[in-house]
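**Q** Got a file for you: data-v2.pdb, PDB, C-alpha atoms and all ligand atoms.
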```
ATOM      1  CA  MET Q 849     -17.218  23.342   5.382  1.00  0.00           C
ATOM      2  CA  LEU Q 850     -13.778  22.339   6.724  1.00  0.00           C
ATOM      3  CA  LEU Q 851     -13.389  23.329  10.355  1.00  0.00           C
ATOM      4  CA  ARG Q 852     -10.054  23.395  12.140  1.00  0.00           C
ATOM      5  CA  TYR Q 853      -9.909  20.936  15.032  1.00  0.00           C
ATOM      6  CA  LYS Q 854     -10.477  22.225  18.542  1.00  0.00           C
ATOM      7  CA  LYS Q 855     -10.668  20.444  21.879  1.00  0.00           C
ATOM      8  CA  ALA Q 856     -14.496  20.415  21.822  1.00  0.00           C
ATOM      9  CA  TYR Q 857     -14.291  18.122  18.758  1.00  0.00           C
ATOM     10  CA  GLU Q 858     -11.970  15.588  20.434  1.00  0.00           C
ATOM     11  CA  LYS Q 859     -14.452  12.693  20.707  1.00  0.00           C
ATOM     12  CA  ILE Q 860     -15.861  13.031  17.200  1.00  0.00           C
ATOM     13  CA  ALA Q 861     -12.343  13.427  15.799  1.00  0.00           C
ATOM     14  CA  MET Q 862     -11.172  10.276  17.556  1.00  0.00           C
ATOM     15  CA  GLY Q 863     -14.194   8.395  16.222  1.00  0.00           C
ATOM     16  CA  LEU Q 864     -13.438   9.419  12.642  1.00  0.00           C
ATOM     17  CA  LEU Q 865      -9.696   8.820  13.063  1.00  0.00           C
ATOM     18  CA  SER Q 866     -10.376   5.289  14.241  1.00  0.00           C
ATOM     19  CA  TYR Q 867     -11.415   4.332  10.689  1.00  0.00           C
ATOM     20  CA  MET Q 868      -7.782   4.747   9.628  1.00  0.00           C
ATOM     21  CA  PRO Q 869      -5.786   1.544   9.544  1.00  0.00           C
ATOM     22  CA  GLY Q 870      -3.269   1.704  12.396  1.00  0.00           C
ATOM     23  CA  GLU Q 871      -5.442   3.963  14.569  1.00  0.00           C
ATOM     24  CA  LYS Q 872      -7.372   1.257  16.337  1.00  0.00           C
ATOM     25  CA  SER Q 873      -6.327   1.486  20.002  1.00  0.00           C
ATOM     26  CA  VAL Q 874      -7.489   4.315  22.249  1.00  0.00           C
ATOM     27  CA  LYS Q 875      -3.868   4.903  23.291  1.00  0.00           C
ATOM     28  CA  LYS Q 876      -2.719   5.393  19.681  1.00  0.00           C
ATOM     29  CA  LEU Q 877      -5.705   7.637  18.953  1.00  0.00           C
ATOM     30  CA  GLN Q 878      -4.911   9.815  21.954  1.00  0.00           C
ATOM     31  CA  GLU Q 879      -1.258  10.089  20.896  1.00  0.00           C
ATOM     32  CA  THR Q 880      -2.302  11.126  17.398  1.00  0.00           C
ATOM     33  CA  ILE Q 881      -4.749  13.744  18.689  1.00  0.00           C
ATOM     34  CA  HIS Q 882      -2.086  15.133  21.035  1.00  0.00           C
ATOM     35  CA  GLN Q 883       0.308  15.455  18.111  1.00  0.00           C
ATOM     36  CA  TYR Q 884      -2.319  17.514  16.234  1.00  0.00           C
ATOM     37  CA  GLU Q 885      -2.965  19.620  19.334  1.00  0.00           C
ATOM     38  CA  ASN Q 886       0.679  20.323  20.102  1.00  0.00           C
ATOM     39  CA  ASP Q 887       2.534  20.516  16.817  1.00  0.00           C
ATOM     40  CA  GLU Q 888       1.638  23.594  14.772  1.00  0.00           C
ATOM     41  CA  ASN Q 889       2.631  21.810  11.546  1.00  0.00           C
ATOM     42  CA  TRP Q 890       0.173  19.000  12.187  1.00  0.00           C
ATOM     43  CA  GLN Q 891      -3.266  20.318  11.314  1.00  0.00           C
ATOM     44  CA  LEU Q 892      -6.546  18.497  11.677  1.00  0.00           C
ATOM     45  CA  TYR Q 893      -9.802  19.519   9.976  1.00  0.00           C
ATOM     46  CA  LEU Q 894     -13.330  18.175  10.199  1.00  0.00           C
ATOM     47  CA  LEU Q 895     -15.909  18.344   7.447  1.00  0.00           C
ATOM     48  CA  LYS Q 896     -19.286  19.524   8.674  1.00  0.00           C
ATOM     49  CA  GLN Q 897     -22.385  18.921   6.567  1.00  0.00           C
ATOM     50  CA  ASP Q 898     -25.645  20.240   7.959  1.00  0.00           C
ATOM     51  CA  GLU Q 899     -25.324  19.422  11.658  1.00  0.00           C
ATOM     52  CA  ASP Q 900     -23.036  16.391  11.289  1.00  0.00           C
ATOM     53  CA  PHE Q 901     -19.292  15.945  11.234  1.00  0.00           C
ATOM     54  CA  ILE Q 902     -18.897  13.417   8.455  1.00  0.00           C
ATOM     55  CA  GLY Q 903     -15.230  13.522   7.536  1.00  0.00           C
ATOM     56  CA  LEU Q 904     -11.786  14.263   8.839  1.00  0.00           C
ATOM     57  CA  VAL Q 905      -8.443  15.102   7.303  1.00  0.00           C
ATOM     58  CA  GLY Q 906      -5.077  15.518   8.986  1.00  0.00           C
ATOM     59  CA  ILE Q 907      -2.093  17.053   7.255  1.00  0.00           C
ATOM     60  CA  ILE Q 908       1.531  17.785   8.017  1.00  0.00           C
ATOM     61  CA  LEU Q 909       2.552  21.187   6.729  1.00  0.00           C
ATOM     62  CA  ASP Q 910       5.962  21.790   5.230  1.00  0.00           C
ATOM     63  CA  VAL Q 911       7.471  24.847   3.573  1.00  0.00           C
ATOM     64  CA  ASP Q 912       6.116  24.188   0.084  1.00  0.00           C
ATOM     65  CA  SER Q 913       3.873  21.169   0.567  1.00  0.00           C
ATOM     66  CA  TYR Q 914       1.461  19.395   2.855  1.00  0.00           C
ATOM     67  CA  THR Q 915       1.190  15.657   3.379  1.00  0.00           C
ATOM     68  CA  VAL Q 916      -2.207  14.052   3.838  1.00  0.00           C
ATOM     69  CA  LYS Q 917      -1.567  11.795   6.815  1.00  0.00           C
ATOM     70  CA  HIS Q 918      -5.109  10.929   7.908  1.00  0.00           C
ATOM     71  CA  LEU Q 919      -8.314  10.932   5.870  1.00  0.00           C
ATOM     72  CA  SER Q 920     -11.601   9.345   6.769  1.00  0.00           C
ATOM     73  CA  VAL Q 921     -15.289   9.622   5.999  1.00  0.00           C
ATOM     74  CA  ASN Q 922     -18.138   8.296   8.131  1.00  0.00           C
ATOM     75  CA  PRO Q 923     -19.118   4.926   6.559  1.00  0.00           C
ATOM     76  CA  SER Q 924     -22.745   6.072   6.111  1.00  0.00           C
ATOM     77  CA  PHE Q 925     -21.548   8.791   3.720  1.00  0.00           C
ATOM     78  CA  ARG Q 926     -18.911   6.934   1.698  1.00  0.00           C
ATOM     79  CA  GLY Q 927     -19.032   6.642  -2.080  1.00  0.00           C
ATOM     80  CA  GLU Q 928     -20.735  10.035  -2.418  1.00  0.00           C
ATOM     81  CA  GLY Q 929     -17.644  12.026  -3.330  1.00  0.00           C
ATOM     82  CA  ILE Q 930     -17.041  13.364   0.191  1.00  0.00           C
ATOM     83  CA  GLY Q 931     -13.440  12.102   0.387  1.00  0.00           C
ATOM     84  CA  SER Q 932     -12.567  13.725  -2.954  1.00  0.00           C
ATOM     85  CA  GLN Q 933     -14.362  16.882  -1.837  1.00  0.00           C
ATOM     86  CA  ILE Q 934     -12.155  17.069   1.267  1.00  0.00           C
ATOM     87  CA  ILE Q 935      -9.001  16.761  -0.877  1.00  0.00           C
ATOM     88  CA  ALA Q 936     -10.330  19.524  -3.184  1.00  0.00           C
ATOM     89  CA  LYS Q 937     -11.107  21.781  -0.198  1.00  0.00           C
ATOM     90  CA  LEU Q 938      -7.553  21.334   1.091  1.00  0.00           C
ATOM     91  CA  LYS Q 939      -6.276  22.461  -2.290  1.00  0.00           C
ATOM     92  CA  ASP Q 940      -8.426  25.600  -2.007  1.00  0.00           C
ATOM     93  CA  LEU Q 941      -7.094  26.195   1.502  1.00  0.00           C
ATOM     94  CA  PHE Q 942      -3.447  25.833   0.463  1.00  0.00           C
ATOM     95  CA  PRO Q 943      -3.390  26.762  -3.254  1.00  0.00           C
ATOM     96  CA  ASP Q 944       0.364  27.373  -3.362  1.00  0.00           C
ATOM     97  CA  LEU Q 945       1.401  24.123  -1.705  1.00  0.00           C
ATOM     98  CA  GLU Q 946       1.940  20.732  -3.293  1.00  0.00           C
ATOM     99  CA  CYS Q 947      -0.316  17.927  -2.026  1.00  0.00           C
ATOM    100  CA  LYS Q 948       1.663  14.858  -0.935  1.00  0.00           C
ATOM    101  CA  SER Q 949       0.489  11.548   0.484  1.00  0.00           C
ATOM    102  CA  THR Q 950       1.684   8.767   2.773  1.00  0.00           C
ATOM    103  CA  GLU Q 951       1.707   5.080   1.951  1.00  0.00           C
ATOM    104  CA  GLU Q 952      -1.769   4.845   3.508  1.00  0.00           C
ATOM    105  CA  THR Q 953      -3.363   7.748   1.655  1.00  0.00           C
ATOM    106  CA  ALA Q 954      -1.454   7.475  -1.664  1.00  0.00           C
ATOM    107  CA  LEU Q 955      -3.913   5.327  -3.609  1.00  0.00           C
ATOM    108  CA  PHE Q 956      -6.921   7.463  -2.784  1.00  0.00           C
ATOM    109  CA  ILE Q 957      -5.108  10.741  -3.521  1.00  0.00           C
ATOM    110  CA  LYS Q 958      -3.944   9.283  -6.834  1.00  0.00           C
ATOM    111  CA  LYS Q 959      -7.555   8.413  -7.614  1.00  0.00           C
ATOM    112  CA  CYS Q 960      -8.667  11.992  -6.800  1.00  0.00           C
ATOM    113  CA  ARG Q 961      -5.966  13.361  -9.115  1.00  0.00           C
ATOM    114  CA  GLN Q 962      -7.038  11.052 -11.944  1.00  0.00           C
ATOM    115  CA  LYS Q 963     -10.702  12.052 -11.538  1.00  0.00           C
ATOM    116  CA  GLU Q 964      -9.748  15.728 -11.549  1.00  0.00           C
ATOM    117  CA  GLU Q 965      -7.675  15.305 -14.723  1.00  0.00           C
ATOM    118  CA  GLN Q 966     -10.554  13.437 -16.364  1.00  0.00           C
ATOM    119  CA  GLN Q 967     -12.979  16.244 -15.501  1.00  0.00           C
ATOM    120  CA  HIS Q 968     -10.616  18.837 -16.949  1.00  0.00           C
ATOM    121  CA  SER Q 969     -10.174  16.933 -20.194  1.00  0.00           C
ATOM    122  CA  GLU Q 970     -13.928  16.467 -20.719  1.00  0.00           C
TER     123      GLU Q 970
HETATM  124  C1  LIG Q1001     -10.899   6.468   1.728  1.00  0.00           C
HETATM  125  C2  LIG Q1001     -12.171   7.232   2.080  1.00  0.00           C
HETATM  126  C3  LIG Q1001     -11.798   8.505   2.833  1.00  0.00           C
HETATM  127  C4  LIG Q1001     -12.898   7.607   0.784  1.00  0.00           C
HETATM  128  O1  LIG Q1001     -14.026   8.410   1.108  1.00  0.00           O
HETATM  129  P1  LIG Q1001     -15.301   8.516   0.145  1.00  0.00           P
HETATM  130  O2  LIG Q1001     -16.089   9.691   0.575  1.00  0.00           O
HETATM  131  O3  LIG Q1001     -15.994   7.216   0.049  1.00  0.00           O
HETATM  132  O4  LIG Q1001     -14.562   8.826  -1.254  1.00  0.00           O
HETATM  133  P2  LIG Q1001     -15.226   9.293  -2.633  1.00  0.00           P
HETATM  134  O5  LIG Q1001     -16.695   9.047  -2.602  1.00  0.00           O
HETATM  135  O6  LIG Q1001     -14.739  10.648  -2.948  1.00  0.00           O
HETATM  136  O7  LIG Q1001     -14.526   8.298  -3.646  1.00  0.00           O
HETATM  137  C5  LIG Q1001     -14.935   6.968  -3.715  1.00  0.00           C
HETATM  138  C6  LIG Q1001     -13.972   6.206  -4.627  1.00  0.00           C
HETATM  139  O8  LIG Q1001     -12.719   5.994  -3.936  1.00  0.00           O
HETATM  140  C7  LIG Q1001     -12.419   4.601  -3.906  1.00  0.00           C
HETATM  141  N1  LIG Q1001     -11.680   4.308  -2.683  1.00  0.00           N
HETATM  142  C8  LIG Q1001     -12.163   4.151  -1.447  1.00  0.00           C
HETATM  143  N2  LIG Q1001     -11.153   3.897  -0.588  1.00  0.00           N
HETATM  144  C9  LIG Q1001     -10.017   3.893  -1.324  1.00  0.00           C
HETATM  145  C10 LIG Q1001      -8.653   3.668  -1.001  1.00  0.00           C
HETATM  146  N3  LIG Q1001      -8.237   3.409   0.251  1.00  0.00           N
HETATM  147  N4  LIG Q1001      -7.749   3.755  -2.005  1.00  0.00           N
HETATM  148  C11 LIG Q1001      -8.130   4.023  -3.266  1.00  0.00           C
HETATM  149  N5  LIG Q1001      -9.413   4.241  -3.646  1.00  0.00           N
HETATM  150  C12 LIG Q1001     -10.341   4.163  -2.666  1.00  0.00           C
HETATM  151  C13 LIG Q1001     -13.780   3.933  -3.983  1.00  0.00           C
HETATM  152  O9  LIG Q1001     -13.651   2.613  -4.462  1.00  0.00           O
HETATM  153  C14 LIG Q1001     -14.517   4.830  -4.972  1.00  0.00           C
HETATM  154  O10 LIG Q1001     -14.093   4.516  -6.280  1.00  0.00           O
HETATM  155  P3  LIG Q1001     -15.065   4.797  -7.584  1.00  0.00           P
HETATM  156  O11 LIG Q1001     -15.305   6.280  -7.634  1.00  0.00           O
HETATM  157  O12 LIG Q1001     -14.222   4.315  -8.723  1.00  0.00           O
HETATM  158  O13 LIG Q1001     -16.282   3.999  -7.326  1.00  0.00           O
HETATM  159  C15 LIG Q1001     -13.145   6.350   2.923  1.00  0.00           C
HETATM  160  O14 LIG Q1001     -13.336   5.132   2.242  1.00  0.00           O
HETATM  161  C16 LIG Q1001     -12.621   6.050   4.320  1.00  0.00           C
HETATM  162  O15 LIG Q1001     -12.863   6.821   5.245  1.00  0.00           O
HETATM  163  N6  LIG Q1001     -11.917   4.909   4.483  1.00  0.00           N
HETATM  164  C17 LIG Q1001     -11.413   4.529   5.818  1.00  0.00           C
HETATM  165  C18 LIG Q1001     -10.220   5.342   6.168  1.00  0.00           C
HETATM  166  C19 LIG Q1001      -9.009   4.964   5.330  1.00  0.00           C
HETATM  167  O16 LIG Q1001      -8.782   3.811   5.015  1.00  0.00           O
HETATM  168  N7  LIG Q1001      -8.182   5.982   5.028  1.00  0.00           N
HETATM  169  C20 LIG Q1001      -6.965   5.720   4.276  1.00  0.00           C
HETATM  170  C21 LIG Q1001      -7.138   5.860   2.795  1.00  0.00           C
HETATM  171  S1  LIG Q1001      -7.370   7.564   2.348  1.00  0.00           S
END
```
Would you put the structure from the file into structure tokens?
**A**
Amino acid sequence: MLLRYKKAYEKIAMGLLSYMPGEKSVKKLQETIHQYENDENWQLYLLKQDEDFIGLVGIILDVDSYTVKHLSVNPSFRGEGIGSQIIAKLKDLFPDLECKSTEETALFIKKCRQKEEQQHSE
């Protein structure tokens, strides 16, 4: 289940965000969180599985698209399809919008797209 960020999730969100390259210092992490708290177009979601928050995705909404700016999965849960699941859930949440990526998220999003195309052609 993707849950929209709220202040109560600040610590867990910062922990997950810190796995992103470029989000290593506490100062940078706080700036990023503030951007998600204050800019309506910046939206942060956490993936909850059972009782644990195991993934995070941050997007920037535009008129006809959203850009995946931050994406991370708790290292204990990687390689189990969670990252791809988060990208699929975003698509369900915003079915009419195009999914775009940044330099940092591009390769993974491309991989998700390729896997999806493969599944459809099977
Ligand atoms: C990137 C990330 C979210 C993937 O999460 P995940 O739950 O392990 O992803 P999935 O299980 O759905 O997919 C795993 C596949 O993605 C590949 N992959 C992992 N990180 C990747 C990356 N940065 N770019 C491209 N492919 C990547 C894996 O090699 C694996 O490939 P395979 O299916 O051919 O074996 C996770 O590795 C992570 O949190 N990384 C640290 C944060 C980060 O670097 N974010 C920026 C990139 S999105």
**Q** Got a sec: who's within 10 Å of Leu850 in chain Q, counting all atoms listed in the file, leaving out chain neighbours fewer than 3 positions off, as an MDAnalysis selection string?
**A** chainID Q and resid 853 892:897 901 903:905 934 937:938 941
**Q** Just write the chosen residues, C-alpha atoms, as a CSV table (one decimal), in the frame of the given file.
**A**
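Resulting contents of result.csv:
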```csv
chain,number,residue,atom,x,y,z
Q,853,TYR,CA,-9.9,20.9,15.0
Q,892,LEU,CA,-6.5,18.5,11.7
Q,893,TYR,CA,-9.8,19.5,10.0
Q,894,LEU,CA,-13.3,18.2,10.2
Q,895,LEU,CA,-15.9,18.3,7.4
Q,896,LYS,CA,-19.3,19.5,8.7
Q,897,GLN,CA,-22.4,18.9,6.6
Q,901,PHE,CA,-19.3,15.9,11.2
Q,903,GLY,CA,-15.2,13.5,7.5
Q,904,LEU,CA,-11.8,14.3,8.8
Q,905,VAL,CA,-8.4,15.1,7.3
Q,934,ILE,CA,-12.2,17.1,1.3
Q,937,LYS,CA,-11.1,21.8,-0.2
Q,938,LEU,CA,-7.6,21.3,1.1
Q,941,LEU,CA,-7.1,26.2,1.5
```
**Q** Hey, which of Q:Cys947, Q:Asp910, Q:Tyr867, Q:Ile957 ends up closest to Arg926 in chain Q? Count all atoms listed in the file.
**A** Q:Tyr867
**Q** Could you list the protein, DNA and RNA residues that have any atom within 6 Å of ligand LIG 1001 (chain Q), counting all atoms listed in the file, and write them as a PyMOL selection string?
**A** chain Q and resi 867-869+919-921+926-932+952-953+955-956
**Q** Check the smallest atom-to-atom distance from each of Q:Gln933, Q:Glu951, Q:Asp940, Q:Lys876 to Lys963 in chain Q using only C-alpha atoms, then report the winner.
**A**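 Of the candidates, the smallest distance to Lys963 in chain Q is held by Q:Gln933.
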**Q** Smallest atom-to-atom distance to Leu945 in chain Q: which of Q:Ala861, Q:Cys960, Q:Leu851, Q:Val911, using all atoms listed in the file?
**A**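 Smallest distance to Leu945 in chain Q is found for Q:Val911.
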**Q** For Tyr857 in chain Q, which residue among Q:Asn889, Q:Gln967, Q:Asp900, Q:Gly870 is the nearest when counting only C-alpha atoms?
**A**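 Using only C-alpha atoms, the shortest distance to Tyr857 in chain Q belongs to Q:Asp900.
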**Q** One decimal, in Å: what's the spacing between CA of Thr915 in chain Q and CA of Gly863 in chain Q?
**A**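 Between CA of Thr915 in chain Q and CA of Gly863 in chain Q the gap works out to 21.3 Å.
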**Q** Given the choices Q:Lys917, Q:Ser924, Q:Leu909, Q:His968, which gets closest to Phe942 in chain Q if the distance is worked out from all atoms listed in the file?
**A**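 Comparing Q:Lys917, Q:Ser924, Q:Leu909, Q:His968 against Phe942 in chain Q, the winner is Q:Leu909.
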**Q** With distances taken over only C-alpha atoms, which of Q:Ile881, Q:Gln962, Q:Ile907, Q:Phe925 is nearest to Glu946 in chain Q?
**A**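 Residue with the minimum atom-to-atom distance to Glu946 in chain Q: Q:Ile907.
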**Q** Please, what distance in Å, to one decimal, runs between CA of Val916 in chain Q and CA of Leu865 in chain Q?
**A**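 Taking CA of Val916 in chain Q as the start and CA of Leu865 in chain Q as the end point, the length is 13.0 Å.
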**Q** CA of Leu864 in chain Q to CA of Asp912 in chain Q: how many Å, to one decimal?
**A** 27.5 Å
